[in-house]
Amino acid sequence: MAEEHIFVRGARNKAVSCFFIYTLVKLRLPIKVIFDIYFYDLLSHKNIYSGIYKTKDNSDKPKYYVLDMFPYPSGAGLHVGHPKGYIATDVVARMKMMQGYNVLHPMGWDAFGLPAENYALKNKVHPSVATEENIKTFKKQLGLLGLTYDWDREVNTTDPEYYKWTQWAFIQMFKRGLAFESYEPINWCPECKTGLANEDLENGLCERCGSVVVQKPMRQWVLKITDYAERLLNDIDKLDKWPTSIKEMQKNWIGKSEGATVKFSVISNEGEKSALEVFTTRPDTLFGATYCVIAPEHELIMNQESRIKNYDEVKNYVENAKKKTTLERTDLQKEKTGVEVKGIKAINPVNNEELPIFVADYVLGGYGTGAIMAVPAHDERDFEFAKKYNLPIKRVVAPHFVDPANPPHSDLPTTRRKTIHVIIRNPKDGKVLLLNWFTNLTPSRPHLHTLVLGGIEEGENLAVAAIREAQEETGYKNFKFLKEVDLEVHTEYYTEHKGQNRYAEIHIVELELEDEEREKIPESELKNHEPVWVEEKEVPEKLNVIDGPIIWGAYKNGYFAFTEDGVTVNSEFLNNLKTPEAKTKIIAWLEEQGVGKRKVQYKLRDWVFSRQRYWGEPIPLVNCGKCGWVSVPELELPLKLPEVKNYEPSGTGESPLANIEKWVNTICPVCGGPAKRETNTMPQWAGSCWYYLAYCMLGKEKGVRSKEKYKWDKEKINYWNPVDLYVGGAEHATRHLIYARFWHKFLFDIGVVANEEPFTRLQNVGLILAEDGRKMSKRWNNVINPNDMVDQFGADAMRLYEMFMGPFDQPCAWSTNGVVGTRRFLEKVWWLSEKVNDLEDNKTNEKTKLDTLLHQTIKKVTEDIEAMRYNTAISQLMILVNEMSKENQLFLTHYSLLLQLLAPFAPHVSEELWYELGNNESIFESVWPQCDNALAKSETFTLAIQINGKLRETIEVSADISEEEAKAQVLALPQIQKWLEDKEPKKIIYVKGKLISIVV
RNA sequence: GGUCCGAUGGUGGAACUGGUAUACACGCAGCACUUAAAAUGCUGUGCCGCAAGGCAUGUGGGUUCGAUUCCCACUCGGACCACCA
């Protein structure tokens, strides 16, 4: 009842505001007319809207479930940015309603959380009291906007009747081993005095309060979301109506990597053996491992005092690492540090090399096995560490290229040979000698430049080969060998001048020209290429072969960590295999030898599900000395949050609930013996994991009243789900949207929901920024309150503006001037009603220009709302209204169609005008207009005429003009003749319905 | 550093699978109504040029009869992730 009342008054008081009355008065209309316009339906039509926003669970109509991410009812109330998403779903809901769908569009409150609890701490009031107040404010604000929410289906996560089912799902997980107790060190926020999940961190800081988070080992409940990692990842591909950005973010967050574990044996100075297992995604580089690194938390250093020679040093390092905050540990500017663990060595299983073991905090305890094999040649972090501590770097992967300009011919055999590339420098002027290849030899590449290069002959060393090639190809006689560049490159290509496929194993040597003494270059060389001296800075540009940049880069900057795929070298039985094949082969070998196996690793961690705070769902478990952890019997649910005097968390890792002895001490539901309740509560994200199901569990049918408020009615749940359209902020990509997908998949597995994914289509709302381009915040004093906007311009103008301001999913700065614009538009629509002349209606069957525009508008608005391109839908409506304004009178049918198209955006004004036209039922009970394609089709179109790609003329032609006719008409035009200057057109391109392009 | 996205008038933005760049709105200017102002209506509004015309979609190249749209390189901005082996 209440909201119907608001609705009717909304139409009068808000959309048709005092401002409007003022206009009427100014126009000196008789007072009675003003009164009529303003109050008439309040007196007599109060009931025409009743019931249309009540959702029915049984209907012959197809269902449409449109959902908003429900808000946390904060004390600050809504600002103008919050309702953007709600307005958008409301537009869709209203259109779908008119299109004959049974629409569910509900709203609720995600009300557990720290702000309410902190408020309670400060003011000594129960969090539920403040929450209730805030909800009232929110509801009032939303009510002003004329949203279609069915408030009979309002949910609240803090309602015991609601969290009963949150607890129920937890118990199901517990029973299936998906919830387990853990003592791992976790993120601890000293300010909020609670443990946090990985998802609750922002750059190593607490997402709530911004405090520095520390690692603290403590007892906690953890949900095994990693069991679902593979399915959560794979099913992303099924979500074809989700934005790709969100899908990418989820993929990255789950972070699947495929690799292997490798067991290194560890041997102490005294000959004692143990093992060290590492995880690597590059088992193919095993021959290149030059040391191992373990995380400071690694068990190898615990209880090993006797074996580790420098135990004090190691212990000291580990202690320091523990003291570091997460922020310090992940600071990338920081240099890597570490300490060698002396007295023990790791044995590389593949070649029995003894490798030193380091402890360093660049290896994370919580990922993989907490230990790595370091391959500095092919990993940037290991490379950095190895450089710093002077550890050996052994290359085992060579970059591999296939020259795209001259790929090998598949019908020819390939000659493989060791090749030398020679960088020759003249010390006098610093120039570099390149070979310039003759164009007739390399027609596919007219300006080919290479280094001096050639094959290494049997028994030749690099220096000898380099000097020999340099002499032969350049004629200079005296060179000094400077160095070999530390890189081997493999390149495959086709030599045009020799007609062969080549596979070159390239070694790189630097020579210096000693003097200018020079012989004539042999004819055989000179017919292919000529040597040219090039300024050093021009080399990168000139050296235009596929392997040029990497070779020159290695020469200039020295060796770098080559982390890409390539070809394995220096690795015995793996030699000459490309990286993927090498991986397969080494994994097979490891498994055969029993020293390793294939392993898939995820970045996603298990979900730390305990909070040491008061305002959350109690975890429904009891601990019995005899039976261990036992779940609360389902019949006793909900396990209600007890009243407490002091909300202050102890900070010791116990929740405030621990102090309530009466509540804590209970009896074991299994053996009847004494037992203690779990005192941790659930995290804020728990309640939002299934709320979209709760809306479907609430429906109140006449005469059917269940004792339970929420009833797990599978029929109803399966009728409405999955959600057809889900709208909310992108910031939930890796939190709520992963948790909810996990929770839903679990519910699917236990057979209580029918589909595997909860949200069919997801749409992100772009943030509304303040007029100054910053985020709206009390801090900047730039918050705009929707209530003020509604008072000043009316709810419809505000709704319309938020939908018009830009693409829906993009951030956009607020502009109150923009609201003035949409307000003006609505007034134009209002005054158009004066021009409606129903007597003339339908008397003529002639198709008018307005018919065409109107039906084009129907098509565009329908498609645009469906695709959530509201800004262009509204601009089309504006075009239509501008056209209608030019007419002296309007047909009733035309004007009615306009109102129907406008209704989802501006429900108050449209409803009112609809009534003024003499309709007795709500505009939202009318049927959404259908586009008549025959009417939408234009009789003529503007043909553009281009000459040499430039627009020169446009002419209006009949829509069904033929190609020949069009060409003839165009060529006959004197303006066009002028451009052609008597020249014969080379080509005439005709694009139907668009243009003619003449090439002269 | 990685991944993704974006860059169009004074401003927010439009342009379907390559086909008339700047729709729609804001702002600005002029005119009408008014004693005046506001409101409203009409007209104009990318840049250079008297004009014919030329130049313009971050910068530089390429493909094409034709590129805001496709390809390559770069610059700037935003979002997310960030020592994940």
# chains A, B, ... in the order shown; residues from 1 in each chain; ligands from 1
$ residues_around --residues "stretch 983-999 of chain A" --least-positions-apart "5" --cutoff "9 Å" --atoms "only C-alpha atoms (C1' of nucleotides)" --output "list in words"
Phe941, Thr942, Leu943, Ala944, Ile945, Gln946, Ile947, Asn948, Gly949, Lys950, Leu951, Thr954, Ala959, Asp960, Ile961, Ser962, Glu963, Ala966, Lys967 and Val970 of chain A; G19, U20, C65 and G66 of chain B
$ write_last_selection --atoms "N, CA, C and O atoms (P, O5', C5', C4', C3', O3' and C1' of nucleotides)" --output "CSV table (one decimal), in the first residue's frame"
chain,number,residue,atom,x,y,z
A,941,PHE,N,16.2,7.5,-49.8
A,941,PHE,CA,17.4,7.6,-48.9
A,941,PHE,C,18.4,8.6,-49.6
A,941,PHE,O,18.2,9.0,-50.7
A,942,THR,N,19.4,9.0,-48.8
A,942,THR,CA,20.3,10.0,-49.3
A,942,THR,C,21.5,9.2,-49.8
A,942,THR,O,22.2,8.4,-49.1
A,943,LEU,N,21.7,9.3,-51.1
A,943,LEU,CA,22.8,8.6,-51.8
A,943,LEU,C,24.1,9.5,-51.7
A,943,LEU,O,24.0,10.7,-52.2
A,944,ALA,N,25.1,9.0,-51.2
A,944,ALA,CA,26.4,9.8,-51.1
A,944,ALA,C,27.2,9.5,-52.3
A,944,ALA,O,27.3,8.4,-52.8
A,945,ILE,N,27.8,10.6,-52.9
A,945,ILE,CA,28.6,10.4,-54.1
A,945,ILE,C,30.1,10.7,-53.7
A,945,ILE,O,30.4,11.9,-53.3
A,946,GLN,N,30.9,9.7,-53.8
A,946,GLN,CA,32.3,10.0,-53.5
A,946,GLN,C,33.1,9.9,-54.8
A,946,GLN,O,32.8,9.1,-55.7
A,947,ILE,N,34.1,10.8,-55.0
A,947,ILE,CA,35.0,10.8,-56.1
A,947,ILE,C,36.4,10.6,-55.5
A,947,ILE,O,36.8,11.5,-54.7
A,948,ASN,N,37.1,9.6,-55.9
A,948,ASN,CA,38.4,9.2,-55.3
A,948,ASN,C,38.4,9.2,-53.8
A,948,ASN,O,39.3,9.7,-53.1
A,949,GLY,N,37.3,8.7,-53.2
A,949,GLY,CA,37.2,8.5,-51.8
A,949,GLY,C,36.8,9.7,-51.0
A,949,GLY,O,36.7,9.7,-49.8
A,950,LYS,N,36.5,10.8,-51.7
A,950,LYS,CA,36.1,12.0,-51.0
A,950,LYS,C,34.6,12.3,-51.4
A,950,LYS,O,34.2,12.3,-52.5
A,951,LEU,N,33.9,12.7,-50.3
A,951,LEU,CA,32.5,13.0,-50.5
A,951,LEU,C,32.3,14.3,-51.3
A,951,LEU,O,32.9,15.3,-51.0
A,954,THR,N,25.6,14.8,-52.4
A,954,THR,CA,24.6,13.8,-51.9
A,954,THR,C,23.3,14.1,-52.7
A,954,THR,O,23.0,15.2,-53.0
A,959,ALA,N,14.1,4.6,-52.6
A,959,ALA,CA,14.7,3.5,-51.8
A,959,ALA,C,14.9,2.3,-52.7
A,959,ALA,O,15.8,1.5,-52.4
A,960,ASP,N,14.1,2.1,-53.7
A,960,ASP,CA,14.3,0.8,-54.5
A,960,ASP,C,15.0,1.1,-55.8
A,960,ASP,O,14.8,0.3,-56.8
A,961,ILE,N,15.8,2.1,-55.8
A,961,ILE,CA,16.6,2.4,-57.1
A,961,ILE,C,17.5,1.3,-57.4
A,961,ILE,O,18.1,0.7,-56.5
A,962,SER,N,17.7,1.0,-58.7
A,962,SER,CA,18.6,-0.1,-59.1
A,962,SER,C,20.0,0.5,-59.3
A,962,SER,O,20.2,1.7,-59.4
A,963,GLU,N,21.0,-0.4,-59.3
A,963,GLU,CA,22.4,0.0,-59.5
A,963,GLU,C,22.6,0.8,-60.7
A,963,GLU,O,23.2,1.9,-60.7
A,966,ALA,N,21.0,4.3,-60.6
A,966,ALA,CA,21.7,5.2,-59.7
A,966,ALA,C,22.9,5.7,-60.4
A,966,ALA,O,23.2,6.9,-60.3
A,967,LYS,N,23.7,4.8,-61.0
A,967,LYS,CA,24.9,5.2,-61.7
A,967,LYS,C,24.6,6.2,-62.8
A,967,LYS,O,25.3,7.2,-62.9
A,970,VAL,N,23.7,9.6,-61.3
A,970,VAL,CA,24.8,10.3,-60.8
A,970,VAL,C,25.7,10.8,-61.9
A,970,VAL,O,26.1,12.0,-61.8
B,19,G,P,31.2,1.2,-42.0
B,19,G,O5',31.1,2.1,-43.3
B,19,G,C5',32.0,3.2,-43.4
B,19,G,C4',31.4,4.1,-44.5
B,19,G,C3',29.9,4.1,-44.6
B,19,G,O3',29.5,5.4,-45.0
B,19,G,C1',30.7,3.3,-46.6
B,20,U,P,29.2,6.5,-43.9
B,20,U,O5',29.1,7.7,-44.9
B,20,U,C5',30.1,8.1,-45.8
B,20,U,C4',29.9,9.6,-46.0
B,20,U,C3',30.0,10.4,-44.7
B,20,U,O3',30.7,11.6,-45.0
B,20,U,C1',27.9,10.7,-45.8
B,65,C,P,42.0,-0.6,-54.1
B,65,C,O5',41.3,0.8,-53.9
B,65,C,C5',41.6,1.8,-54.9
B,65,C,C4',40.6,2.9,-54.7
B,65,C,C3',40.3,3.4,-53.3
B,65,C,O3',41.3,4.3,-52.9
B,65,C,C1',38.2,3.0,-54.3
B,66,G,P,41.9,4.2,-51.5
B,66,G,O5',40.7,4.5,-50.5
B,66,G,C5',40.1,5.8,-50.5
B,66,G,C4',38.9,5.8,-49.6
B,66,G,C3',39.0,5.3,-48.2
B,66,G,O3',39.5,6.3,-47.4
B,66,G,C1',37.1,4.3,-49.2
$ select_by_dssp --residues "stretch 206-329 of chain A" --states "alpha helix (DSSP H)" --output "ChimeraX atom specification"
/A:229-234,244-254,311-323,326-329
$ select_by_dssp --residues "stretch 211-455 of chain A" --states "strand (DSSP E)" --output "PyMOL selection string"
chain A and resi 214-217+220-223+256-268+273-280+291-294+339-347+354-359+371-374+397-398+400-402+414-425+432-437+449-450+452-455
$ closest_residue --among "A:Lys835, A:Lys640, A:Arg869, A:Ala934" --to "A:Gln889" --atoms "only C-alpha atoms"
A:Lys835
$ residues_around --residues "stretch 68-70 of chain B" --least-positions-apart "4" --cutoff "8 Å" --atoms "only C-alpha atoms (C1' of nucleotides)" --output "list in words"
U8, G18, A21 and U57 of chain B
$ residues_around --residues "A:Ile784" --least-positions-apart "3" --cutoff "10 Å" --atoms "only C-alpha atoms (C1' of nucleotides)" --output "short mmCIF file (atom, residue, chain, number, x, y, z; two decimals) with N, CA, C and O atoms, in the first residue's frame"
data_model
loop_
_atom_site.label_atom_id
_atom_site.label_comp_id
_atom_site.auth_asym_id
_atom_site.auth_seq_id
_atom_site.Cartn_x
_atom_site.Cartn_y
_atom_site.Cartn_z
N LEU A 78 22.05 6.83 0.39
CA LEU A 78 22.43 6.71 -1.03
C LEU A 78 22.95 8.03 -1.56
O LEU A 78 22.47 9.09 -1.20
N HIS A 79 23.96 7.97 -2.42
CA HIS A 79 24.22 9.15 -3.23
C HIS A 79 23.78 8.84 -4.66
O HIS A 79 23.32 7.75 -4.97
N VAL A 80 23.92 9.82 -5.50
CA VAL A 80 23.34 9.78 -6.83
C VAL A 80 23.89 8.61 -7.68
O VAL A 80 23.25 8.12 -8.61
N GLY A 81 25.08 8.12 -7.31
CA GLY A 81 25.69 7.02 -8.07
C GLY A 81 25.03 5.68 -7.80
O GLY A 81 24.94 4.84 -8.69
N ALA A 770 31.88 12.53 -9.29
CA ALA A 770 31.37 13.87 -8.98
C ALA A 770 31.68 14.80 -10.15
O ALA A 770 32.45 14.46 -11.04
N GLU A 771 31.09 15.97 -10.09
CA GLU A 771 31.25 16.92 -11.19
C GLU A 771 32.72 17.30 -11.39
O GLU A 771 33.14 17.65 -12.49
N MET A 776 32.71 10.41 -5.65
CA MET A 776 31.85 11.12 -4.71
C MET A 776 32.16 10.64 -3.31
O MET A 776 32.13 9.46 -3.04
N SER A 777 32.45 11.59 -2.45
CA SER A 777 32.80 11.20 -1.10
C SER A 777 32.63 12.39 -0.17
O SER A 777 32.80 13.55 -0.57
N LYS A 778 32.25 12.09 1.07
CA LYS A 778 32.11 13.14 2.08
C LYS A 778 33.40 13.93 2.19
O LYS A 778 33.40 15.12 2.43
N ASN A 781 33.57 16.54 -0.20
CA ASN A 781 32.39 17.37 -0.13
C ASN A 781 31.77 17.58 -1.51
O ASN A 781 31.46 18.69 -1.91
N ASN A 787 17.77 12.65 -3.36
CA ASN A 787 16.54 13.30 -2.88
C ASN A 787 16.45 14.74 -3.39
O ASN A 787 15.38 15.20 -3.81
N ASP A 788 17.58 15.45 -3.35
CA ASP A 788 17.59 16.84 -3.82
C ASP A 788 17.26 16.91 -5.31
O ASP A 788 16.55 17.80 -5.76
N MET A 789 17.82 15.96 -6.07
CA MET A 789 17.58 15.96 -7.51
C MET A 789 16.10 15.72 -7.79
O MET A 789 15.51 16.35 -8.66
N TRP A 814 29.14 13.33 -13.10
CA TRP A 814 27.80 13.87 -12.93
C TRP A 814 27.74 15.30 -13.45
O TRP A 814 28.73 16.04 -13.39
N THR A 816 24.77 18.32 -13.16
CA THR A 816 23.40 18.70 -12.81
C THR A 816 22.74 19.42 -13.99
O THR A 816 21.53 19.32 -14.20
#
$ interface_residues --of "chain B" --to "chain A" --cutoff "8 Å" --atoms "only C-alpha atoms (C1' of nucleotides)" --output "number ranges by chain"
B: 3-5, 12-14, 19-20, 24-26, 65-66, 80-81, 83-85
$ closest_residue --among "A:Leu121, A:Gly338, A:Met95, A:Leu832" --to "A:Lys388" --atoms "only C-alpha atoms"
A:Gly338
$ closest_residue --among "A:Gln500, A:Val539, A:Phe401, A:Lys216" --to "A:Glu488" --atoms "only C-alpha atoms"
A:Phe401
$ residues_around --residues "A:Asn198" --least-positions-apart "2" --cutoff "9 Å" --atoms "only C-alpha atoms (C1' of nucleotides)" --output "count of residues only"
11
$ closest_residue --among "A:Ser265, A:Gln856, A:Thr226, A:Thr474" --to "A:Glu516" --atoms "only C-alpha atoms"
A:Thr474
$ decode --residues "stretch 27-52 of chain B" --atoms "N, CA, C and O atoms (P, O5', C5', C4', C3', O3' and C1' of nucleotides)" --output "short mmCIF file (atom, residue, chain, number, x, y, z; two decimals), in the first residue's frame"
data_model
loop_
_atom_site.label_atom_id
_atom_site.label_comp_id
_atom_site.auth_asym_id
_atom_site.auth_seq_id
_atom_site.Cartn_x
_atom_site.Cartn_y
_atom_site.Cartn_z
P G B 27 22.72 24.23 -20.76
"O5'" G B 27 24.16 24.77 -21.18
"C5'" G B 27 25.21 24.86 -20.21
"C4'" G B 27 26.51 25.24 -20.90
"C3'" G B 27 26.46 26.56 -21.67
"O3'" G B 27 26.67 27.66 -20.81
"C1'" G B 27 27.44 24.90 -23.02
P C B 28 25.92 29.04 -21.12
"O5'" C B 28 26.67 29.54 -22.43
"C5'" C B 28 28.06 29.86 -22.41
"C4'" C B 28 28.55 30.08 -23.82
"C3'" C B 28 27.79 31.14 -24.61
"O3'" C B 28 28.19 32.45 -24.27
"C1'" C B 28 28.09 29.23 -25.96
P A B 29 27.06 33.59 -24.28
"O5'" A B 29 26.90 33.90 -25.84
"C5'" A B 29 28.01 34.40 -26.58
"C4'" A B 29 27.64 34.48 -28.04
"C3'" A B 29 26.33 35.21 -28.34
"O3'" A B 29 26.48 36.61 -28.34
"C1'" A B 29 26.40 33.19 -29.56
P G B 30 25.21 37.51 -27.92
"O5'" G B 30 24.27 37.43 -29.20
"C5'" G B 30 24.70 38.02 -30.42
"C4'" G B 30 23.77 37.64 -31.53
"C3'" G B 30 22.30 37.99 -31.32
"O3'" G B 30 22.02 39.33 -31.59
"C1'" G B 30 22.47 35.77 -32.10
P C B 31 20.83 40.06 -30.79
"O5'" C B 31 19.52 39.47 -31.46
"C5'" C B 31 19.22 39.75 -32.83
"C4'" C B 31 18.09 38.87 -33.29
"C3'" C B 31 16.77 39.05 -32.54
"O3'" C B 31 16.04 40.18 -32.98
"C1'" C B 31 17.23 36.74 -32.78
P A B 32 15.05 40.93 -31.96
"O5'" A B 32 13.86 39.87 -31.81
"C5'" A B 32 12.98 39.63 -32.91
"C4'" A B 32 11.96 38.59 -32.53
"C3'" A B 32 11.13 38.93 -31.31
"O3'" A B 32 10.04 39.78 -31.65
"C1'" A B 32 11.89 36.70 -31.15
P C B 33 9.59 40.93 -30.63
"O5'" C B 33 8.89 40.12 -29.46
"C5'" C B 33 7.66 39.43 -29.69
"C4'" C B 33 7.29 38.60 -28.47
"C3'" C B 33 7.29 39.36 -27.16
"O3'" C B 33 6.07 40.05 -26.96
"C1'" C B 33 8.46 37.31 -26.90
P U B 34 6.09 41.56 -26.58
"O5'" U B 34 6.80 41.57 -25.17
"C5'" U B 34 6.15 41.01 -24.03
"C4'" U B 34 7.05 41.13 -22.82
"C3'" U B 34 7.60 42.52 -22.56
"O3'" U B 34 6.65 43.34 -21.90
"C1'" U B 34 9.33 40.91 -22.32
P U B 35 6.45 44.83 -22.38
"O5'" U B 35 7.81 45.54 -21.96
"C5'" U B 35 8.23 46.76 -22.57
"C4'" U B 35 9.30 47.38 -21.72
"C3'" U B 35 10.44 46.44 -21.36
"O3'" U B 35 11.42 46.42 -22.37
"C1'" U B 35 9.67 47.56 -19.41
P A B 36 12.02 45.06 -22.81
"O5'" A B 36 12.82 44.63 -21.50
"C5'" A B 36 14.05 45.29 -21.15
"C4'" A B 36 14.52 44.82 -19.79
"C3'" A B 36 14.81 43.32 -19.69
"O3'" A B 36 16.11 43.03 -20.14
"C1'" A B 36 13.48 44.00 -17.86
P A B 37 16.38 41.63 -20.86
"O5'" A B 37 16.35 40.61 -19.64
"C5'" A B 37 17.45 40.58 -18.71
"C4'" A B 37 17.06 39.81 -17.48
"C3'" A B 37 16.74 38.33 -17.70
"O3'" A B 37 17.90 37.54 -17.77
"C1'" A B 37 15.06 39.29 -16.35
P A B 38 17.91 36.25 -18.73
"O5'" A B 38 16.98 35.23 -17.94
"C5'" A B 38 17.40 34.68 -16.68
"C4'" A B 38 16.24 33.96 -16.04
"C3'" A B 38 15.66 32.81 -16.86
"O3'" A B 38 16.41 31.61 -16.69
"C1'" A B 38 13.92 34.18 -16.08
P A B 39 16.61 30.64 -17.97
"O5'" A B 39 15.13 30.15 -18.29
"C5'" A B 39 14.45 29.27 -17.40
"C4'" A B 39 13.01 29.15 -17.81
"C3'" A B 39 12.78 28.68 -19.25
"O3'" A B 39 12.87 27.28 -19.37
"C1'" A B 39 11.45 30.57 -18.83
P U B 40 13.51 26.66 -20.68
"O5'" U B 40 12.47 27.02 -21.82
"C5'" U B 40 11.16 26.46 -21.79
"C4'" U B 40 10.30 27.15 -22.82
"C3'" U B 40 10.82 27.08 -24.25
"O3'" U B 40 10.49 25.85 -24.86
"C1'" U B 40 10.20 29.31 -23.78
P G B 41 11.52 25.22 -25.91
"O5'" G B 41 11.24 26.11 -27.21
"C5'" G B 41 9.95 26.06 -27.83
"C4'" G B 41 9.87 27.13 -28.88
"C3'" G B 41 10.99 27.08 -29.91
"O3'" G B 41 10.75 26.14 -30.92
"C1'" G B 41 10.70 29.31 -29.15
P C B 42 11.98 25.38 -31.58
"O5'" C B 42 12.56 26.47 -32.57
"C5'" C B 42 11.77 26.95 -33.64
"C4'" C B 42 12.42 28.15 -34.28
"C3'" C B 42 13.86 27.92 -34.75
"O3'" C B 42 13.91 27.27 -36.00
"C1'" C B 42 13.75 29.96 -33.55
P U B 43 15.12 26.27 -36.29
"O5'" U B 43 16.34 27.27 -36.48
"C5'" U B 43 16.37 28.16 -37.61
"C4'" U B 43 17.55 29.08 -37.50
"C3'" U B 43 18.90 28.40 -37.33
"O3'" U B 43 19.40 27.86 -38.54
"C1'" U B 43 18.74 30.21 -35.83
P G B 44 20.31 26.56 -38.49
"O5'" G B 44 21.70 27.13 -37.98
"C5'" G B 44 22.38 28.13 -38.73
"C4'" G B 44 23.49 28.72 -37.91
"C3'" G B 44 24.50 27.72 -37.37
"O3'" G B 44 25.42 27.32 -38.36
"C1'" G B 44 23.93 29.24 -35.67
P U B 45 25.96 25.81 -38.39
"O5'" U B 45 26.95 25.78 -37.16
"C5'" U B 45 28.07 26.67 -37.10
"C4'" U B 45 28.70 26.62 -35.73
"C3'" U B 45 29.04 25.23 -35.24
"O3'" U B 45 30.28 24.80 -35.77
"C1'" U B 45 27.99 26.45 -33.50
P G B 46 30.36 23.37 -36.48
"O5'" G B 46 31.75 22.87 -35.90
"C5'" G B 46 31.96 22.78 -34.49
"C4'" G B 46 33.41 22.44 -34.24
"C3'" G B 46 34.40 23.33 -34.96
"O3'" G B 46 34.70 24.47 -34.19
"C1'" G B 46 34.92 21.07 -35.39
P C B 47 34.99 25.83 -34.93
"O5'" C B 47 36.46 25.62 -35.51
"C5'" C B 47 37.58 25.47 -34.63
"C4'" C B 47 38.82 25.19 -35.45
"C3'" C B 47 39.09 26.20 -36.57
"O3'" C B 47 39.72 27.36 -36.10
"C1'" C B 47 39.31 24.01 -37.43
P C B 48 39.39 28.75 -36.79
"O5'" C B 48 40.18 28.64 -38.17
"C5'" C B 48 41.61 28.57 -38.19
"C4'" C B 48 42.10 28.46 -39.62
"C3'" C B 48 41.52 29.46 -40.60
"O3'" C B 48 42.13 30.73 -40.50
"C1'" C B 48 41.53 27.31 -41.59
P G B 49 41.23 32.01 -40.85
"O5'" G B 49 40.86 31.76 -42.36
"C5'" G B 49 41.80 32.03 -43.41
"C4'" G B 49 41.15 31.77 -44.74
"C3'" G B 49 39.88 32.56 -45.02
"O3'" G B 49 40.14 33.89 -45.40
"C1'" G B 49 39.56 30.31 -45.65
P C B 50 39.17 35.02 -44.85
"O5'" C B 50 37.74 34.67 -45.45
"C5'" C B 50 36.57 35.37 -45.03
"C4'" C B 50 35.61 35.57 -46.19
"C3'" C B 50 35.28 34.31 -46.98
"O3'" C B 50 34.18 33.63 -46.40
"C1'" C B 50 35.89 36.05 -48.48
P A B 51 34.14 32.05 -46.39
"O5'" A B 51 34.09 31.68 -47.94
"C5'" A B 51 32.86 31.72 -48.66
"C4'" A B 51 33.14 31.61 -50.14
"C3'" A B 51 33.57 30.24 -50.64
"O3'" A B 51 32.42 29.49 -50.99
"C1'" A B 51 35.07 31.89 -51.45
P A B 52 32.38 27.92 -50.76
"O5'" A B 52 33.26 27.37 -51.97
"C5'" A B 52 32.71 27.28 -53.29
"C4'" A B 52 33.82 27.06 -54.27
"C3'" A B 52 34.63 25.78 -54.05
"O3'" A B 52 34.04 24.66 -54.65
"C1'" A B 52 36.09 27.61 -54.33
#
